[in-house]
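**Student:** Just structure_2.csv, nothing more (CSV, C-alpha atoms):
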```csv
chain,number,residue,atom,x,y,z
I,1,MET,CA,26.8,4.1,13.1
I,2,ALA,CA,24.2,5.4,10.7
I,3,ILE,CA,22.4,2.8,8.6
I,4,LYS,CA,21.2,3.3,5.0
I,5,THR,CA,18.9,0.4,4.7
I,6,TYR,CA,16.5,-1.3,7.1
I,7,GLU,CA,18.4,-4.6,6.8
I,8,GLU,CA,21.4,-3.0,8.5
I,9,MET,CA,19.5,-2.6,11.7
I,10,ASN,CA,21.2,-4.8,14.4
I,11,GLU,CA,19.6,-7.0,17.0
I,12,LEU,CA,19.8,-4.4,19.7
I,13,GLY,CA,18.1,-1.8,17.5
I,14,LEU,CA,15.3,-4.2,16.6
I,15,ASP,CA,14.8,-5.0,20.3
I,16,ILE,CA,14.5,-1.3,21.0
I,17,LEU,CA,11.9,-0.9,18.3
I,18,LYS,CA,9.9,-3.8,19.7
I,19,GLU,CA,10.0,-2.1,23.1
I,20,ILE,CA,8.8,1.1,21.5
I,21,GLY,CA,6.0,-0.9,19.9
I,22,THR,CA,5.1,-2.5,23.2
I,23,ILE,CA,4.9,0.8,25.1
I,24,GLY,CA,3.2,2.7,22.3
I,25,GLY,CA,0.8,-0.1,21.7
I,26,GLY,CA,0.1,-0.5,25.4
I,27,ASN,CA,-0.8,3.1,25.7
I,28,ALA,CA,-2.9,2.9,22.6
I,29,ALA,CA,-4.8,-0.1,24.0
I,30,THR,CA,-5.5,1.8,27.3
I,31,ALA,CA,-6.9,4.7,25.3
I,32,LEU,CA,-9.0,2.4,23.2
I,33,SER,CA,-10.3,0.6,26.4
I,34,SER,CA,-11.6,3.8,27.8
I,35,MET,CA,-13.2,4.9,24.5
I,36,LEU,CA,-15.0,1.6,24.1
I,37,ASN,CA,-15.5,1.0,27.7
I,38,SER,CA,-14.1,-2.5,27.4
I,39,GLN,CA,-11.0,-4.5,28.0
I,40,VAL,CA,-8.5,-3.9,25.2
I,41,THR,CA,-5.2,-5.6,25.1
I,42,MET,CA,-2.4,-5.8,22.6
I,43,ALA,CA,-0.4,-8.8,21.6
I,44,VAL,CA,3.4,-8.5,21.8
I,45,PRO,CA,4.3,-6.4,18.8
I,46,SER,CA,6.6,-7.5,16.0
I,47,VAL,CA,9.1,-5.7,14.0
I,48,LYS,CA,9.2,-6.9,10.4
I,49,ILE,CA,11.5,-5.9,7.6
I,50,LEU,CA,10.0,-7.4,4.4
I,51,ASP,CA,9.9,-6.8,0.7
I,52,TYR,CA,6.7,-5.2,-0.5
I,53,ASN,CA,4.8,-8.2,-1.6
I,54,ALA,CA,5.7,-10.2,1.6
I,55,ALA,CA,4.7,-7.2,3.7
I,56,LEU,CA,1.3,-7.0,2.0
I,57,GLY,CA,0.9,-10.7,2.2
I,58,SER,CA,1.6,-10.7,6.0
I,59,LEU,CA,-1.3,-8.3,6.5
I,60,GLY,CA,-4.0,-10.2,4.7
I,61,ASP,CA,-5.9,-10.4,1.4
I,62,PRO,CA,-4.9,-7.4,-0.7
I,63,GLU,CA,-8.5,-7.1,-2.0
I,64,GLU,CA,-10.2,-7.0,1.4
I,65,LEU,CA,-12.1,-3.9,2.0
I,66,VAL,CA,-10.8,-2.2,5.2
I,67,ALA,CA,-11.1,1.0,7.1
I,68,ALA,CA,-7.7,2.7,7.7
I,69,ILE,CA,-6.9,5.8,9.6
I,70,PHE,CA,-3.8,7.4,8.3
I,71,VAL,CA,-1.4,9.9,9.9
I,72,GLU,CA,1.9,11.2,8.5
I,73,MET,CA,4.7,11.8,10.9
I,74,SER,CA,7.1,14.7,10.6
I,75,GLY,CA,9.6,16.5,12.8
I,76,GLU,CA,12.4,14.4,14.1
I,77,LEU,CA,10.8,11.2,12.9
I,78,GLY,CA,9.3,10.7,9.4
I,79,GLY,CA,7.0,8.0,8.2
I,80,ILE,CA,3.5,6.8,8.5
I,81,MET,CA,1.2,5.5,11.1
I,82,LEU,CA,-1.8,3.4,10.1
I,83,PHE,CA,-4.6,1.9,12.1
I,84,VAL,CA,-6.2,-0.7,10.0
I,85,LEU,CA,-9.6,-2.1,10.9
I,86,THR,CA,-11.4,-4.9,9.2
I,87,LYS,CA,-15.2,-4.6,8.7
I,88,GLU,CA,-15.7,-6.8,11.8
I,89,VAL,CA,-13.8,-4.4,14.0
I,90,SER,CA,-15.3,-1.3,12.6
I,91,ASP,CA,-18.7,-2.8,13.1
I,92,GLU,CA,-17.8,-3.6,16.7
I,93,ILE,CA,-16.7,0.0,17.3
I,94,LEU,CA,-19.8,1.5,15.6
I,95,PHE,CA,-22.0,-0.8,17.6
I,96,ARG,CA,-20.3,0.2,20.9
I,97,MET,CA,-20.2,3.9,20.2
I,98,LEU,CA,-23.4,4.4,18.2
I,99,GLY,CA,-25.4,1.3,18.7
I,100,LYS,CA,-25.3,0.6,14.9
I,101,LYS,CA,-25.2,-2.9,13.5
I,102,ASP,CA,-23.6,-4.2,10.3
I,103,SER,CA,-22.8,-0.9,8.7
I,104,ASP,CA,-21.9,-0.8,5.0
I,105,LEU,CA,-18.3,0.4,4.9
I,106,LEU,CA,-18.9,1.9,1.5
I,107,ALA,CA,-21.9,3.8,2.6
I,108,LEU,CA,-20.9,5.1,6.0
I,109,GLU,CA,-22.7,8.1,7.4
I,110,GLU,CA,-20.7,11.2,8.4
I,111,ILE,CA,-21.1,10.4,12.1
I,112,ASP,CA,-19.8,6.9,11.5
I,113,SER,CA,-16.7,8.2,9.7
I,114,SER,CA,-16.1,10.8,12.5
I,115,VAL,CA,-16.2,8.1,15.1
I,116,LEU,CA,-13.7,5.9,13.2
I,117,ILE,CA,-11.4,8.9,12.6
I,118,GLU,CA,-11.6,9.9,16.3
I,119,ILE,CA,-10.9,6.4,17.5
I,120,GLY,CA,-7.9,6.2,15.1
I,121,ASN,CA,-6.7,9.6,16.2
I,122,ILE,CA,-6.8,8.8,19.8
I,123,VAL,CA,-5.1,5.4,19.3
I,124,ILE,CA,-2.4,6.8,17.1
I,125,SER,CA,-1.7,9.9,19.3
I,126,SER,CA,-1.5,7.8,22.5
I,127,TYR,CA,1.0,5.5,20.7
I,128,ILE,CA,3.1,8.4,19.6
I,129,THR,CA,2.9,10.3,22.9
I,130,ALA,CA,4.2,7.2,24.7
I,131,MET,CA,7.0,6.8,22.1
I,132,SER,CA,8.0,10.4,22.3
I,133,SER,CA,8.3,10.4,26.1
I,134,LEU,CA,10.2,7.2,26.0
I,135,THR,CA,12.7,8.3,23.4
I,136,GLY,CA,12.7,12.1,23.7
I,137,VAL,CA,12.0,12.6,20.1
I,138,ASN,CA,9.5,15.2,18.9
I,139,VAL,CA,7.0,13.9,16.4
I,140,GLU,CA,4.4,16.0,14.7
I,141,LEU,CA,1.3,14.3,13.4
I,142,SER,CA,-0.8,15.3,10.4
I,143,VAL,CA,-4.5,15.6,10.6
I,144,PRO,CA,-5.8,12.0,10.6
I,145,GLN,CA,-7.6,10.8,7.5
I,146,LEU,CA,-9.9,7.9,6.9
I,147,ALA,CA,-9.8,5.7,3.8
I,148,ILE,CA,-12.2,2.9,3.1
I,149,ASN,CA,-10.5,0.8,0.5
I,150,MET,CA,-8.8,-2.4,-0.5
I,151,LEU,CA,-6.0,-3.2,1.9
I,152,GLY,CA,-3.5,-3.4,-0.9
I,153,GLY,CA,-4.4,0.1,-2.2
I,154,ILE,CA,-3.9,1.5,1.3
I,155,MET,CA,-0.6,-0.1,1.8
I,156,SER,CA,0.6,1.2,-1.6
I,157,VAL,CA,0.9,4.6,0.1
I,158,PRO,CA,3.6,3.8,2.6
I,159,ILE,CA,5.3,1.4,0.2
I,160,ALA,CA,5.5,4.2,-2.4
I,161,MET,CA,6.8,6.6,0.2
I,162,MET,CA,9.6,4.3,1.3
I,163,GLY,CA,10.1,2.7,-2.1
I,164,GLN,CA,12.3,5.4,-3.7
I,165,HIS,CA,15.1,4.4,-1.4
I,166,SER,CA,14.3,0.9,-0.3
I,167,ASP,CA,13.2,-2.5,-1.7
I,168,LYS,CA,11.8,-3.3,1.7
I,169,ILE,CA,9.6,-1.7,4.3
I,170,MET,CA,9.8,-1.9,8.1
I,171,MET,CA,6.6,-2.4,9.9
I,172,ILE,CA,6.2,-2.4,13.7
I,173,THR,CA,2.8,-4.0,14.1
I,174,GLY,CA,0.5,-4.6,17.0
I,175,ASP,CA,-2.8,-6.5,17.0
I,176,PHE,CA,-5.5,-5.6,19.5
I,177,LYS,CA,-7.9,-7.8,21.3
I,178,ILE,CA,-11.2,-6.3,22.4
I,179,ASP,CA,-12.9,-8.1,25.5
I,180,GLY,CA,-10.7,-11.1,24.8
I,181,LYS,CA,-11.9,-11.4,21.2
I,182,ALA,CA,-9.1,-11.3,18.7
I,183,LEU,CA,-10.6,-8.8,16.4
I,184,ASP,CA,-8.5,-8.1,13.4
I,185,SER,CA,-7.2,-4.6,13.9
I,186,THR,CA,-3.6,-3.7,13.3
I,187,MET,CA,-1.5,-0.7,14.3
I,188,LEU,CA,1.3,-0.1,11.9
I,189,LEU,CA,4.2,2.1,12.5
I,190,LEU,CA,6.2,2.6,9.3
I,191,PRO,CA,9.3,4.7,10.0
I,192,ASP,CA,11.7,5.8,7.2
I,193,VAL,CA,15.3,4.8,7.5
I,194,GLU,CA,16.6,8.2,8.6
I,195,SER,CA,14.2,8.1,11.6
I,196,LEU,CA,15.8,4.9,12.8
I,197,ASN,CA,19.2,6.7,13.0
I,198,VAL,CA,17.6,9.6,14.9
I,199,LEU,CA,15.9,7.2,17.3
I,200,MET,CA,19.1,5.1,17.9
I,201,LYS,CA,21.1,8.3,18.4
I,202,LYS,CA,18.7,9.7,21.0
I,203,LEU,CA,18.8,6.4,22.9
I,204,GLY,CA,22.6,6.3,22.8
I,205,VAL,CA,22.8,3.1,20.7
I,206,GLU,CA,25.9,2.9,18.6
X,1,MET,CA,-11.0,-21.6,-14.7
X,2,GLU,CA,-7.8,-20.9,-16.6
X,3,LYS,CA,-4.6,-20.5,-14.8
X,4,LYS,CA,-4.1,-17.3,-12.9
X,5,ILE,CA,-0.7,-15.7,-12.8
X,6,SER,CA,-0.3,-13.1,-10.1
X,7,VAL,CA,1.8,-10.0,-10.6
X,8,GLY,CA,3.1,-8.4,-7.4
X,9,ILE,CA,4.1,-4.9,-6.6
X,10,ALA,CA,7.0,-3.7,-8.7
X,11,ASP,CA,6.7,-6.9,-10.8
X,12,MET,CA,5.9,-8.0,-14.4
X,13,LYS,CA,4.8,-11.2,-15.9
X,14,ILE,CA,4.4,-12.4,-19.5
X,15,THR,CA,2.3,-15.2,-20.8
X,16,ARG,CA,1.1,-16.6,-24.1
X,17,GLN,CA,-2.0,-18.2,-25.6
X,18,GLU,CA,-4.0,-18.6,-22.4
X,19,GLY,CA,-4.1,-17.7,-18.7
X,20,ILE,CA,-5.1,-14.7,-16.7
X,21,LEU,CA,-2.5,-12.2,-15.6
X,22,ILE,CA,-3.8,-10.4,-12.4
X,23,THR,CA,-2.5,-7.7,-10.2
X,24,TYR,CA,-4.3,-6.9,-7.0
X,25,ALA,CA,-5.4,-3.7,-5.4
X,26,LEU,CA,-3.5,-1.0,-7.4
X,27,GLY,CA,-3.6,2.1,-5.2
X,28,SER,CA,-1.3,4.9,-6.3
X,29,CYS,CA,0.6,2.3,-8.4
X,30,ILE,CA,-0.2,1.8,-12.1
X,31,GLY,CA,-1.0,-1.5,-13.9
X,32,VAL,CA,0.0,-1.5,-17.6
X,33,SER,CA,-1.3,-4.3,-19.8
X,34,PHE,CA,0.4,-5.0,-23.1
X,35,TYR,CA,-1.2,-7.4,-25.6
X,36,ASP,CA,-0.2,-8.5,-29.1
X,37,PRO,CA,-3.4,-10.0,-30.5
X,38,MET,CA,-1.7,-11.7,-33.5
X,39,ILE,CA,0.4,-14.0,-31.4
X,40,LYS,CA,-1.8,-13.8,-28.2
X,41,LEU,CA,1.1,-12.6,-26.1
X,42,GLY,CA,0.3,-10.5,-23.0
X,43,ALA,CA,2.2,-8.8,-20.3
X,44,LEU,CA,1.1,-7.1,-17.1
X,45,LEU,CA,3.3,-4.6,-15.4
X,46,HIS,CA,2.8,-3.2,-11.9
X,47,ILE,CA,4.9,0.0,-11.3
X,48,MET,CA,5.1,2.0,-8.1
X,49,LEU,CA,6.9,5.2,-8.8
X,50,PRO,CA,7.2,7.6,-11.8
X,51,GLU,CA,10.9,7.5,-12.5
X,52,LYS,CA,14.1,5.7,-11.6
X,53,GLY,CA,16.1,8.9,-11.4
X,54,LYS,CA,19.4,8.4,-9.7
X,55,ALA,CA,18.2,5.4,-7.7
X,56,SER,CA,20.7,2.6,-8.0
X,57,ASP,CA,17.9,0.2,-7.8
X,58,SER,CA,18.1,-3.3,-9.1
X,59,ASN,CA,14.3,-3.8,-9.5
X,60,VAL,CA,13.5,-2.3,-12.9
X,61,PHE,CA,9.8,-3.0,-12.5
X,62,LYS,CA,9.5,-0.6,-9.6
X,63,PHE,CA,9.6,2.5,-11.8
X,64,ALA,CA,7.5,3.6,-14.8
X,65,ASP,CA,10.4,4.4,-17.1
X,66,SER,CA,12.7,1.4,-16.5
X,67,GLY,CA,9.6,-0.9,-16.1
X,68,VAL,CA,8.1,-0.1,-19.5
X,69,LYS,CA,11.4,-0.3,-21.2
X,70,GLU,CA,12.2,-3.7,-19.8
X,71,THR,CA,8.7,-5.0,-20.5
X,72,LEU,CA,8.9,-4.0,-24.1
X,73,ARG,CA,12.4,-5.5,-24.5
X,74,LYS,CA,11.0,-8.9,-23.2
X,75,LEU,CA,7.9,-8.7,-25.3
X,76,THR,CA,10.0,-8.1,-28.4
X,77,ALA,CA,12.1,-11.0,-27.5
X,78,PHE,CA,9.0,-13.1,-27.4
X,79,GLY,CA,8.0,-12.0,-30.9
X,80,ALA,CA,5.7,-9.0,-30.2
X,81,THR,CA,5.7,-6.1,-32.6
X,82,LYS,CA,5.2,-2.6,-31.1
X,83,ARG,CA,2.7,-1.4,-33.7
X,84,ARG,CA,0.4,-4.3,-32.8
X,85,LEU,CA,0.5,-3.8,-29.1
X,86,VAL,CA,-2.7,-2.9,-27.4
X,87,VAL,CA,-1.9,-1.0,-24.2
X,88,LYS,CA,-4.2,-0.2,-21.3
X,89,ILE,CA,-3.6,1.3,-17.9
X,90,ALA,CA,-5.3,1.4,-14.6
X,91,GLY,CA,-4.6,2.7,-11.1
X,92,GLY,CA,-3.0,6.0,-10.1
X,93,ALA,CA,-5.5,6.7,-7.4
X,94,LYS,CA,-5.1,9.2,-4.6
X,95,MET,CA,-5.6,7.2,-1.5
X,96,PHE,CA,-5.1,10.0,1.0
X,97,GLU,CA,-4.8,13.7,0.9
X,98,MET,CA,-1.2,14.3,1.9
X,99,LYS,CA,0.5,17.6,2.5
X,100,GLY,CA,3.2,18.8,0.2
X,101,GLY,CA,1.2,18.7,-3.0
X,102,GLY,CA,4.3,18.4,-5.2
X,103,GLY,CA,5.4,15.4,-3.3
X,104,LEU,CA,3.9,12.1,-2.5
X,105,GLY,CA,0.3,13.5,-2.2
X,106,ASN,CA,-0.3,13.1,-5.9
X,107,ILE,CA,2.0,10.3,-6.6
X,108,GLY,CA,-0.8,8.4,-8.3
X,109,GLU,CA,-1.4,11.3,-10.7
X,110,ARG,CA,2.3,11.6,-11.4
X,111,ASN,CA,2.6,7.9,-12.0
X,112,ALA,CA,-0.3,8.1,-14.5
X,113,GLN,CA,1.1,11.1,-16.3
X,114,ASN,CA,4.6,9.6,-16.5
X,115,VAL,CA,3.4,6.2,-17.7
X,116,LYS,CA,1.5,7.9,-20.5
X,117,ARG,CA,4.4,10.1,-21.5
X,118,ILE,CA,6.8,7.1,-21.6
X,119,LEU,CA,4.4,5.0,-23.6
X,120,MET,CA,3.9,7.8,-26.1
X,121,ALA,CA,7.6,8.3,-26.4
X,122,GLU,CA,7.8,4.6,-27.2
X,123,GLY,CA,5.2,5.1,-30.0
X,124,LEU,CA,2.5,3.2,-28.1
X,125,ARG,CA,-1.0,4.5,-27.7
X,126,VAL,CA,-3.1,3.9,-24.6
X,127,THR,CA,-6.4,2.5,-26.0
X,128,SER,CA,-8.2,2.8,-22.7
X,129,GLU,CA,-7.6,3.7,-19.1
X,130,ASP,CA,-9.1,3.8,-15.7
X,131,THR,CA,-7.0,6.1,-13.6
X,132,GLY,CA,-7.3,8.6,-10.8
X,133,ALA,CA,-10.1,8.9,-8.2
X,134,ASN,CA,-9.6,7.6,-4.8
X,135,TYR,CA,-10.2,3.8,-4.9
X,136,ALA,CA,-8.0,0.8,-5.4
X,137,ARG,CA,-8.4,-1.4,-8.5
X,138,THR,CA,-7.6,-5.0,-9.3
X,139,MET,CA,-6.6,-5.4,-13.0
X,140,LEU,CA,-6.9,-8.6,-15.0
X,141,LEU,CA,-5.7,-9.4,-18.5
X,142,ASP,CA,-7.1,-12.5,-20.2
X,143,VAL,CA,-4.4,-13.6,-22.6
X,144,ALA,CA,-6.7,-15.8,-24.6
X,145,THR,CA,-8.9,-12.9,-25.6
X,146,GLY,CA,-6.9,-9.8,-24.8
X,147,GLN,CA,-9.7,-8.5,-22.7
X,148,VAL,CA,-8.8,-6.4,-19.6
X,149,TYR,CA,-11.1,-6.3,-16.6
X,150,ILE,CA,-11.1,-4.0,-13.6
X,151,ARG,CA,-12.5,-4.8,-10.1
X,152,SER,CA,-12.9,-2.4,-7.3
X,153,ALA,CA,-14.7,-2.5,-4.0
X,154,GLY,CA,-18.5,-2.2,-4.2
X,155,LYS,CA,-18.6,-2.1,-8.0
X,156,PRO,CA,-19.2,-4.9,-10.5
X,157,GLU,CA,-16.3,-6.1,-12.5
X,158,ARG,CA,-16.1,-4.2,-15.8
X,159,MET,CA,-14.3,-4.4,-19.0
X,160,LEU,CA,-11.6,-1.8,-19.8
```
Taking this structure as input, can you express it in the form of structure tokens?
**Tutor:**
Amino acid sequence: MAIKTYEEMNELGLDILKEIGTIGGGNAATALSSMLNSQVTMAVPSVKILDYNAALGSLGDPEELVAAIFVEMSGELGGIMLFVLTKEVSDEILFRMLGKKDSDLLALEEIDSSVLIEIGNIVISSYITAMSSLTGVNVELSVPQLAINMLGGIMSVPIAMMGQHSDKIMMITGDFKIDGKALDSTMLLLPDVESLNVLMKKLGVE
Amino acid sequence: MEKKISVGIADMKITRQEGILITYALGSCIGVSFYDPMIKLGALLHIMLPEKGKASDSNVFKFADSGVKETLRKLTAFGATKRRLVVKIAGGAKMFEMKGGGGLGNIGERNAQNVKRILMAEGLRVTSEDTGANYARTMLLDVATGQVYIRSAGKPERML
């Protein structure tokens, strides 16, 4: 049974997405652990289907300056993956990787940006690799990009992408903890509606 | 401070005499402010996509074409006259380089172009704008004065 809107997704489908989020996020946390040489865990992910403004509100203050690593998915699945870091987390990463303290997000040096992109890249690819092997779908990822911008502006990209066909967006979110500290970083998987049909079909869910 | 009225994504609010209409963090979206100085009537529209096309969408404020039209209809109902309207726009940034140049990559630019085209077709002139580039903007319209302000990260608030 193919769905046309996110809201039509049934309980079983949502559970499966949550499981994908758990496995993808777990793999991403492991990758982040070895990069940062610290204990990274991820909270149980959630699958949310929200209208735009509620989706944005659930992520935080729209004007907050964040660093986001952005990857487009294509192939059997379409959509966007975002790894969103608050200044606190990007500081933590830059400190652990480069020994730098209190970097100005708006005046990052090239090496700082490269580190953030690389961290994002590894986290996102580990997530997608785990998801692909679990579900058997092929996903191609675009070259990761970094944007330092207001959270709301960054989220306008996936919202506009899904917006033509939907008044809501689906977010599979996972929050990381680094060495037990709940540092505000969020992994967002934003699939388009058609991808959900592909996923469910591959997994034999009717 | 005067009352603040927040305008969400794909949303529009109208107010009269006093108050601040504010829409946060416009990325590729466009904020359009309309102001009739004679009767101190202001509207702030936050659109997301250039055109409604075939979409059977109920939310008119999501698209530039249907959003502008509906805003003008409401403003007129509140007593605004088109030739008095001062219109300003902000947003339309390119947040990320995306592949497929004709598609979503330059959605901000397409939004900006389309908004301007639609406003022109309605006989309205954009008196000032702050569009493009790669950063998000918060847009405020002070209905008491008609002044429009733009905020973006790392820059002081400025008048548009």
**Student:** Each residue of chain X with at least one atom at most 6 Å from chain I should appear once, together with its nearest atom pair and the corresponding distance in Å (one decimal); atoms considered: only C-alpha atoms; ordering: chain, then increasing residue number; output as a Markdown table.
**Tutor:**
```
| residue | atom | partner | partner_atom | distance |
| --- | --- | --- | --- | --- |
| X:Ala25 | CA | I:Gly152 | CA | 4.9 |
| X:Leu26 | CA | I:Gly153 | CA | 5.4 |
| X:Gly27 | CA | I:Gly153 | CA | 3.7 |
| X:Ala136 | CA | I:Gly153 | CA | 4.9 |
```
**Student:** Between X:Asp65, X:Leu44, X:Asp142, X:Tyr135, which is the closest to Lys155 in chain X once you count only C-alpha atoms?
**Tutor:**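 Residue with the minimum atom-to-atom distance to Lys155 in chain X: X:Tyr135.
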**Student:** Would you compute the distance between CA of Gly24 in chain I and CA of Val40 in chain I? Give it in Å to one decimal.
**Tutor:**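 Result for CA of Gly24 in chain I versus CA of Val40 in chain I: 13.7 Å, one decimal.
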**Student:** Within 10 Å of Leu72 in chain X, counting all atoms listed in the file, which residues qualify if same-chain residues fewer than 2 places away don't, as a list of chain:residue names?
**Tutor:** X:Phe34, X:Ala43, X:Gly67, X:Val68, X:Lys69, X:Glu70, X:Lys74, X:Leu75, X:Thr76, X:Ala77, X:Phe78, X:Ala80, X:Thr81, X:Lys82, X:Leu85, X:Glu122
**Student:** Find the residue from I:Asn138, I:Asn10, I:Ser74, I:Thr173 that sits nearest to Val205 in chain I; use only C-alpha atoms when measuring.
**Tutor:**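 Looking only at the distances to Val205 in chain I, the closest residue turns out to be I:Asn10.
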**Student:** Using all atoms listed in the file, which protein or nucleic acid residues come within 8 Å of range 77-91 of chain I? Drop anything in the same chain fewer than 5 positions from it, and give the result as a count of residues only.
**Tutor:** 34
**Student:** Can you pull out every residue within 10 Å of Lys4 in chain X, counting all atoms listed in the file, but drop anything in the same chain fewer than 3 positions away, and send it as a count of residues only?
**Tutor:** 10
**Student:** One decimal, in Å: what's the spacing between CA of Thr145 in chain X and CA of Ala10 in chain X?
**Tutor:** 25.0 Å
**Student:** Can you tell me which residues surround Asn106 in chain X at a distance of at most 12 Å, considering all atoms listed in the file, apart from same-chain residues fewer than 4 positions away, and format the answer as a PyMOL selection string?
**Tutor:** (chain I and resi 157+160-161) or (chain X and resi 27-29+49-50+92-102+110-113+132-134)
**Student:** For the atom pair CA of Ile172 in chain I and CA of Ser34 in chain I, what is the interatomic distance in Å to one decimal place?
**Tutor:** 23.5 Å
**Student:** Restricting the calculation to only C-alpha atoms: of I:Leu196, I:Val123, I:Met97, I:Met170, which residue gets closest to Asn37 in chain I?
**Tutor:**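 Checking each candidate against Asn37 in chain I, we get I:Met97 as the closest.
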**Student:** Please list as a list in words every residue within 6 Å of Thr138 in chain X, counting all atoms listed in the file and excluding residues in the same chain fewer than 2 positions away.
**Tutor:**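 Contacts, in chain order: Thr23, Tyr24, Ala25, Ile150 and Arg151 of chain X.
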**Student:** Tell me which of I:Ser33, I:Met73, I:Leu94, I:Val47 sits closest to Gly180 in chain I, counting only C-alpha atoms.
**Tutor:** I:Ser33
